[in-house]
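This report concerns only the one structure given below.
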Amino acid sequence: MNDDMQEIMEDFLIEAFEMVEQLDQDLVELESNPEDLDLLNRIFRVAHTIKGSSSFLNFDVLTHLTHNMEDVLNKARRGELKITPDIMDVILESIDLMKALLNVIRDNGTDANSGIDVSDCVKKLQAISKGTSPTEEAPATEQTPKAAQTTSTDSAPAESGPVDSSPALEEPEPDYANMSPEEVEAEIARLLAKRQAEDKKRREEKRKEEAQTAKQESAPSSNAQQKPAAAAPKPATKAPAKADKEGQKSPSVAVEPTVRVDVKRLDHLMNLIGELVLGKNRLIRIYGDVEERYDGEKFLEELNQVVSSISTVTTDLQLAVMKTRMLPVGKVFSKFPRMVRDLSRELGKNIELIISGEETELDKSIVEEIGDPLIHIIRNSCDHGIETPDIRKANGKSETGKVELKAYNEGNHIVIEIADDGKGLDANMLKTKAIEKGLISERDADSMSDKEAFAIIFRPGFSTAAAITNVSGRGVGMDVVKTNVEKLNGIIEIDSEKGIGTTQKLKIPLTLAIMQALLVGVQEEYYAIPLSSVLETVRVSQDEIYTVDGKSVLRLRNEVLSLVRLADIFKVDSVLENLNEVYVVIIGLAEQKIGVIVDYLIGQEEVVIKSLGYYLKGTEGIAGATVRGDGKITLIADVAAMMDMAKDVKVSVNNLVSQNTVAKAKQTPSDYIVLAIDDSSTDRAIMKKCLKPLGVTVLEASNGLEGLEIVKNGDHDLDAVLVDIEMPRMDGYTFASEVRKYNRFKNLPLIAVTSRTSKTDRMRGVESGMTEYITKPYTPEYLLNVVKRNINLQVSGE
């Protein structure tokens, strides 16, 4: 195939897929409103356009199928045929075959040898065209595709006569392979000119026919009504004319002011924007440090303007790029009317699907992922929720059940709500079934609220169906829904009332690339918790923490929550001190809530989600990582996995505090350990001699780096550090700053012992984290008292 034909075929496929996409929904709507002429015309034009183009491109199987489909739709347009559910079944079957053939053409470049048999469907369509039942005519003698086309052509001369199929049927196949480029172009021009002439002729015939029909309809009218009747044909003829105008303009639809962009380019652009957001966060952080250091300087105002401008532009750019990746959720919703229609026929129920909010937009990657969970939920609503017409009638309900599917925005999330007016969920029945299947214990069932019982349907292997069908009953589906929604950092909630109906809500972030998060710290580790899962943060005293069955619980506004330390979930080595108050982050997914104890709260920040890579991507409890404003890596918590991990943590916070307090108890002065850091061995000896009356143990280090290693390795439980300022390898200020980076050493007394006496030196010592500042020379008694006060020595030395 030469380049010109290849280009024409690509355009044909793009146009065909776009037109077919809306077809299922239009056909289901047509079944409800068979008199809607505009809708019929729209559906007919799709079949007509695809037939004409496929005929030109020699896709014989597709032409054969769409030609017969067009016959049926044409009869429906002319009022010779009424669309019934049985006829709609055949039309929908032909649409499915058309989609399959288009996919084969896209993959192979031809529909020949596709392995798709359209003959049965074509026979049914021909039977419908002849006015007989498709089931009666199905076993009729098979006709060859070309003979079948000729037959159906005779039955519908007005719209689908030999006009469109003539290029494929009446003319010998030109030998394109041996033609010169000029001859190919001339052939294409000839065919197009012929096609336009045929289209013009067909439109004239159609206008004449419809004018004739209008006259026949107006003839029986009485003289009194003649004037209005004569006026009536005008709109009747206008509608097809309008349709024709649209038909003439249809090629220009593809030439809209839009550009088709490869999705990979958008993904790359989104990654670059992510890096830009990280750079913006870092710039804001650096500006904050500069502002503190150079307070009052003139250049700060100008720098502030630049930083603010970059911040604003970056945010706008981020939103603009995210917008380009957005798709209306209607792309997913459009396939559900057909699915519900088929299910209602299969289950023998009357079900109406009501869709709203389909224009709500979501990131492309989420639109692609959300389809399967919604299919499971809607199938469940139809199968388990909506009752059969006789049961609904007996219960005083309308025989037609309703399933409502709507989408709307809520902050940085989209909410998709699926509600049915069926029989609702029976919490007691769910508990009983779960106990029978061994999913929960009777004790668990007794303590469950109704909402917690509803969540049982998301357990793997759970089903309430009495028998296994091709719709449901195998116990797979709803657990997959929950897993898939949680993969998207979303949550699913379920609410139900017995006999009234069930509502399920999916709450999903607008994008998976950038999100708001709460940054928390545990010792030296930082974690980002998605803000959508954070309900609140509180400070509680240890008196408000209770122990039940060896686990910690917190009573918060008449609600009892499980309480775990983030350090215990992620196995972080931490020091639990006997503090008056602790920070607790309350996180929740649907109806589940737990309290997580953290060492400190850093604040809210916009984070760019980065993959952990091939080797680390399966790390439990971690969804990804991000780069903070100071350039350090922070892990992003997977809230759903974290809550599951928390169930296995059996640690009492109060018991840990008690054990820690006992372990730290000092019985004798020698249990107290003081580290002396100085590059001069003489100065270290003086410090040791001064502290000898206390009876404490003194360790020595010759420089800051050596001292830092002793502090960090944790072999000694240090009570205080005496540190010189001027030392090789690492000075005292740097030593103090490094020690204070570790949360477990935030209360360790650091006592500077130095000959630097200026106010600037003292201020720098305080800024770096020094607790006390002693200047040389000093008296032994002064040093002894300072150390004794800082280590809280209770036993007096000899």
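Starting from 1 in every chain, residues are counted up; chains themselves are A, B, ... following the order of the structure tokens, and ligands are numbered from 1 as listed.
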
Give me the residues within 10 Å of Asn747 of chain A as a list in words, counting only C-alpha atoms and dropping any in the same chain fewer than 6 places off.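 Once the adjacent positions are removed, what remains is Asp719, Ala720, Arg740 and Thr771 of chain A.
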
Can you pull out every residue within 8 Å of Arg555 of chain A, counting only C-alpha atoms, but drop anything in the same chain fewer than 6 positions away, and send it as a VMD selection string? chain A and resid 544 to 545 561

Limited to all heavy atoms, could you put the picked residues into a file as a short mmCIF file (atom, residue, chain, number, x, y, z; two decimals), in the first residue's frame?
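And here is the file that came out, part-v5.cif:
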data_model
loop_
_atom_site.label_atom_id
_atom_site.label_comp_id
_atom_site.auth_asym_id
_atom_site.auth_seq_id
_atom_site.Cartn_x
_atom_site.Cartn_y
_atom_site.Cartn_z
N GLU A 544 -4.19 9.93 78.55
CA GLU A 544 -5.35 9.66 77.69
C GLU A 544 -5.16 8.39 76.86
O GLU A 544 -6.04 8.00 76.10
CB GLU A 544 -5.61 10.84 76.75
CG GLU A 544 -5.99 12.13 77.46
CD GLU A 544 -6.08 13.30 76.49
OE1 GLU A 544 -7.07 13.35 75.74
OE2 GLU A 544 -5.16 14.14 76.48
N ILE A 545 -3.99 7.74 76.98
CA ILE A 545 -3.71 6.51 76.23
C ILE A 545 -3.94 5.32 77.15
O ILE A 545 -3.40 5.26 78.25
CB ILE A 545 -2.26 6.51 75.70
CG1 ILE A 545 -2.04 7.70 74.75
CG2 ILE A 545 -1.95 5.20 74.98
CD1 ILE A 545 -0.59 7.89 74.32
N LEU A 561 -10.21 4.61 69.38
CA LEU A 561 -9.40 4.32 68.20
C LEU A 561 -8.17 3.50 68.58
O LEU A 561 -7.58 3.73 69.65
CB LEU A 561 -8.92 5.62 67.53
CG LEU A 561 -9.97 6.62 67.07
CD1 LEU A 561 -9.28 7.88 66.56
CD2 LEU A 561 -10.85 6.04 66.00
#

Which of segment 356-389 of chain A DSSP labels helix (DSSP H, G or I), written as a VMD selection string: chain A and resid 364 to 385 389

Could you pull out the strand (DSSP E) residues of segment 279-439 of chain A, going by DSSP on the backbone, and write them as a ChimeraX atom specification? /A:326-328,350-356,361-363,400-410,413-420

Selection near Thr754 of chain A, 10 Å with only C-alpha atoms, sequence-local residues under 2 positions removed, as a list in words: Asp678, Leu722, Val723, Asp724, Ile725, Glu726, Gly732, Ile751, Ala752, Arg756, Thr757, Asp761, Tyr773, Ile774, Thr775, Lys776, Pro777 and Tyr778 of chain A

For those residues, write C-alpha atoms to a file as a PDB file, in the first residue's frame.
ATOM      1  CA  ASP A 678      38.861  18.170  72.767  1.00  0.00           C
ATOM      2  CA  LEU A 722      31.605  18.505  76.903  1.00  0.00           C
ATOM      3  CA  VAL A 723      32.865  19.837  73.553  1.00  0.00           C
ATOM      4  CA  ASP A 724      35.608  22.270  72.510  1.00  0.00           C
ATOM      5  CA  ILE A 725      34.855  24.670  69.616  1.00  0.00           C
ATOM      6  CA  GLU A 726      38.142  24.829  67.678  1.00  0.00           C
ATOM      7  CA  GLY A 732      32.213  22.156  67.924  1.00  0.00           C
ATOM      8  CA  ILE A 751      28.130  21.929  76.892  1.00  0.00           C
ATOM      9  CA  ALA A 752      30.625  24.102  74.979  1.00  0.00           C
ATOM     10  CA  ARG A 756      36.003  32.067  72.521  1.00  0.00           C
ATOM     11  CA  THR A 757      34.252  34.684  74.607  1.00  0.00           C
ATOM     12  CA  ASP A 761      30.461  33.169  69.317  1.00  0.00           C
ATOM     13  CA  TYR A 773      28.493  27.798  77.067  1.00  0.00           C
ATOM     14  CA  ILE A 774      31.525  27.694  79.427  1.00  0.00           C
ATOM     15  CA  THR A 775      34.540  29.912  78.699  1.00  0.00           C
ATOM     16  CA  LYS A 776      38.137  29.062  79.653  1.00  0.00           C
ATOM     17  CA  PRO A 777      39.594  29.439  82.173  1.00  0.00           C
ATOM     18  CA  TYR A 778      36.982  27.958  84.529  1.00  0.00           C
TER      19      TYR A 778
END

Residues within 8 Å of segment 313-321 of chain A, only C-alpha atoms, excluding chain neighbours under 4 positions, as a PDB file with N, CA, C and O atoms, in the first residue's frame:
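For reference, out10.pdb as written:
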ATOM      1  N   LEU A 266       2.983  13.915  26.645  1.00  0.00           N
ATOM      2  CA  LEU A 266       2.300  14.516  27.799  1.00  0.00           C
ATOM      3  C   LEU A 266       2.866  13.974  29.105  1.00  0.00           C
ATOM      4  O   LEU A 266       3.022  14.707  30.080  1.00  0.00           O
ATOM      5  N   LEU A 269       6.116  15.651  29.675  1.00  0.00           N
ATOM      6  CA  LEU A 269       5.858  17.030  30.097  1.00  0.00           C
ATOM      7  C   LEU A 269       5.440  17.070  31.560  1.00  0.00           C
ATOM      8  O   LEU A 269       5.869  17.937  32.327  1.00  0.00           O
ATOM      9  N   MET A 270       4.634  16.093  31.972  1.00  0.00           N
ATOM     10  CA  MET A 270       4.183  16.029  33.368  1.00  0.00           C
ATOM     11  C   MET A 270       5.366  15.760  34.295  1.00  0.00           C
ATOM     12  O   MET A 270       5.454  16.327  35.393  1.00  0.00           O
ATOM     13  N   ILE A 273       7.261  18.975  34.678  1.00  0.00           N
ATOM     14  CA  ILE A 273       6.534  19.874  35.585  1.00  0.00           C
ATOM     15  C   ILE A 273       6.760  19.443  37.029  1.00  0.00           C
ATOM     16  O   ILE A 273       6.935  20.271  37.928  1.00  0.00           O
ATOM     17  N   LEU A 276       9.947  20.728  38.106  1.00  0.00           N
ATOM     18  CA  LEU A 276       9.833  22.174  38.299  1.00  0.00           C
ATOM     19  C   LEU A 276       9.192  22.499  39.652  1.00  0.00           C
ATOM     20  O   LEU A 276       9.606  23.431  40.349  1.00  0.00           O
ATOM     21  N   VAL A 277       8.176  21.704  40.028  1.00  0.00           N
ATOM     22  CA  VAL A 277       7.522  21.892  41.340  1.00  0.00           C
ATOM     23  C   VAL A 277       8.523  21.639  42.467  1.00  0.00           C
ATOM     24  O   VAL A 277       8.563  22.382  43.459  1.00  0.00           O
ATOM     25  N   LYS A 280      10.723  24.594  42.659  1.00  0.00           N
ATOM     26  CA  LYS A 280       9.996  25.714  43.292  1.00  0.00           C
ATOM     27  C   LYS A 280       9.993  25.558  44.814  1.00  0.00           C
ATOM     28  O   LYS A 280      10.285  26.516  45.551  1.00  0.00           O
ATOM     29  N   SER A 309       6.792  35.207  41.903  1.00  0.00           N
ATOM     30  CA  SER A 309       6.414  35.111  40.493  1.00  0.00           C
ATOM     31  C   SER A 309       6.651  33.697  39.959  1.00  0.00           C
ATOM     32  O   SER A 309       5.785  33.120  39.293  1.00  0.00           O
ATOM     33  N   ARG A 325      -4.037  16.649  30.241  1.00  0.00           N
ATOM     34  CA  ARG A 325      -4.130  15.201  30.456  1.00  0.00           C
ATOM     35  C   ARG A 325      -5.524  14.777  30.927  1.00  0.00           C
ATOM     36  O   ARG A 325      -5.785  13.592  31.105  1.00  0.00           O
TER      37      ARG A 325
END

Excluding Gly629 of chain A and its own-chain neighbours fewer than 2 positions away, which residues fall within 6 Å of it when counting only C-alpha atoms? Please give them as a PDB file with all heavy atoms, in the first residue's frame.
ATOM      1  N   ASN A 281       9.695  24.321  45.290  1.00  0.00           N
ATOM      2  CA  ASN A 281       9.689  24.079  46.739  1.00  0.00           C
ATOM      3  C   ASN A 281      11.061  24.362  47.359  1.00  0.00           C
ATOM      4  O   ASN A 281      11.167  24.938  48.439  1.00  0.00           O
ATOM      5  CB  ASN A 281       9.287  22.628  47.038  1.00  0.00           C
ATOM      6  CG  ASN A 281       7.828  22.356  46.713  1.00  0.00           C
ATOM      7  OD1 ASN A 281       7.044  23.297  46.564  1.00  0.00           O
ATOM      8  ND2 ASN A 281       7.455  21.105  46.598  1.00  0.00           N
ATOM      9  N   ARG A 282      12.107  23.963  46.640  1.00  0.00           N
ATOM     10  CA  ARG A 282      13.468  24.167  47.163  1.00  0.00           C
ATOM     11  C   ARG A 282      13.826  25.657  47.181  1.00  0.00           C
ATOM     12  O   ARG A 282      14.455  26.148  48.125  1.00  0.00           O
ATOM     13  CB  ARG A 282      14.461  23.391  46.299  1.00  0.00           C
ATOM     14  CG  ARG A 282      15.825  23.286  46.942  1.00  0.00           C
ATOM     15  CD  ARG A 282      16.588  22.102  46.466  1.00  0.00           C
ATOM     16  NE  ARG A 282      17.771  21.930  47.281  1.00  0.00           N
ATOM     17  CZ  ARG A 282      18.758  21.113  46.968  1.00  0.00           C
ATOM     18  NH1 ARG A 282      18.682  20.372  45.898  1.00  0.00           N
ATOM     19  NH2 ARG A 282      19.808  21.007  47.749  1.00  0.00           N
ATOM     20  N   ARG A 285      12.234  27.269  50.084  1.00  0.00           N
ATOM     21  CA  ARG A 285      12.960  26.886  51.315  1.00  0.00           C
ATOM     22  C   ARG A 285      14.235  27.718  51.460  1.00  0.00           C
ATOM     23  O   ARG A 285      14.539  28.248  52.534  1.00  0.00           O
ATOM     24  CB  ARG A 285      13.271  25.391  51.241  1.00  0.00           C
ATOM     25  CG  ARG A 285      14.142  24.838  52.351  1.00  0.00           C
ATOM     26  CD  ARG A 285      13.366  24.704  53.650  1.00  0.00           C
ATOM     27  NE  ARG A 285      14.185  24.067  54.665  1.00  0.00           N
ATOM     28  CZ  ARG A 285      14.068  22.803  55.042  1.00  0.00           C
ATOM     29  NH1 ARG A 285      13.148  22.033  54.499  1.00  0.00           N
ATOM     30  NH2 ARG A 285      14.834  22.301  55.986  1.00  0.00           N
ATOM     31  N   GLY A 631      16.001  19.129  49.493  1.00  0.00           N
ATOM     32  CA  GLY A 631      16.729  18.194  48.633  1.00  0.00           C
ATOM     33  C   GLY A 631      16.785  16.772  49.165  1.00  0.00           C
ATOM     34  O   GLY A 631      17.354  15.895  48.515  1.00  0.00           O
TER      35      GLY A 631
END

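In this structure, atom CA of Val674 of chain A sits 4.9 Å away from atom CA of Val698 of chain A.
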
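Each of A:Ser768, A:Thr502, A:Gln604, A:Ser447 was checked against Val739 of chain A using only C-alpha atoms; the smallest atom-to-atom distance is that of A:Ser768.
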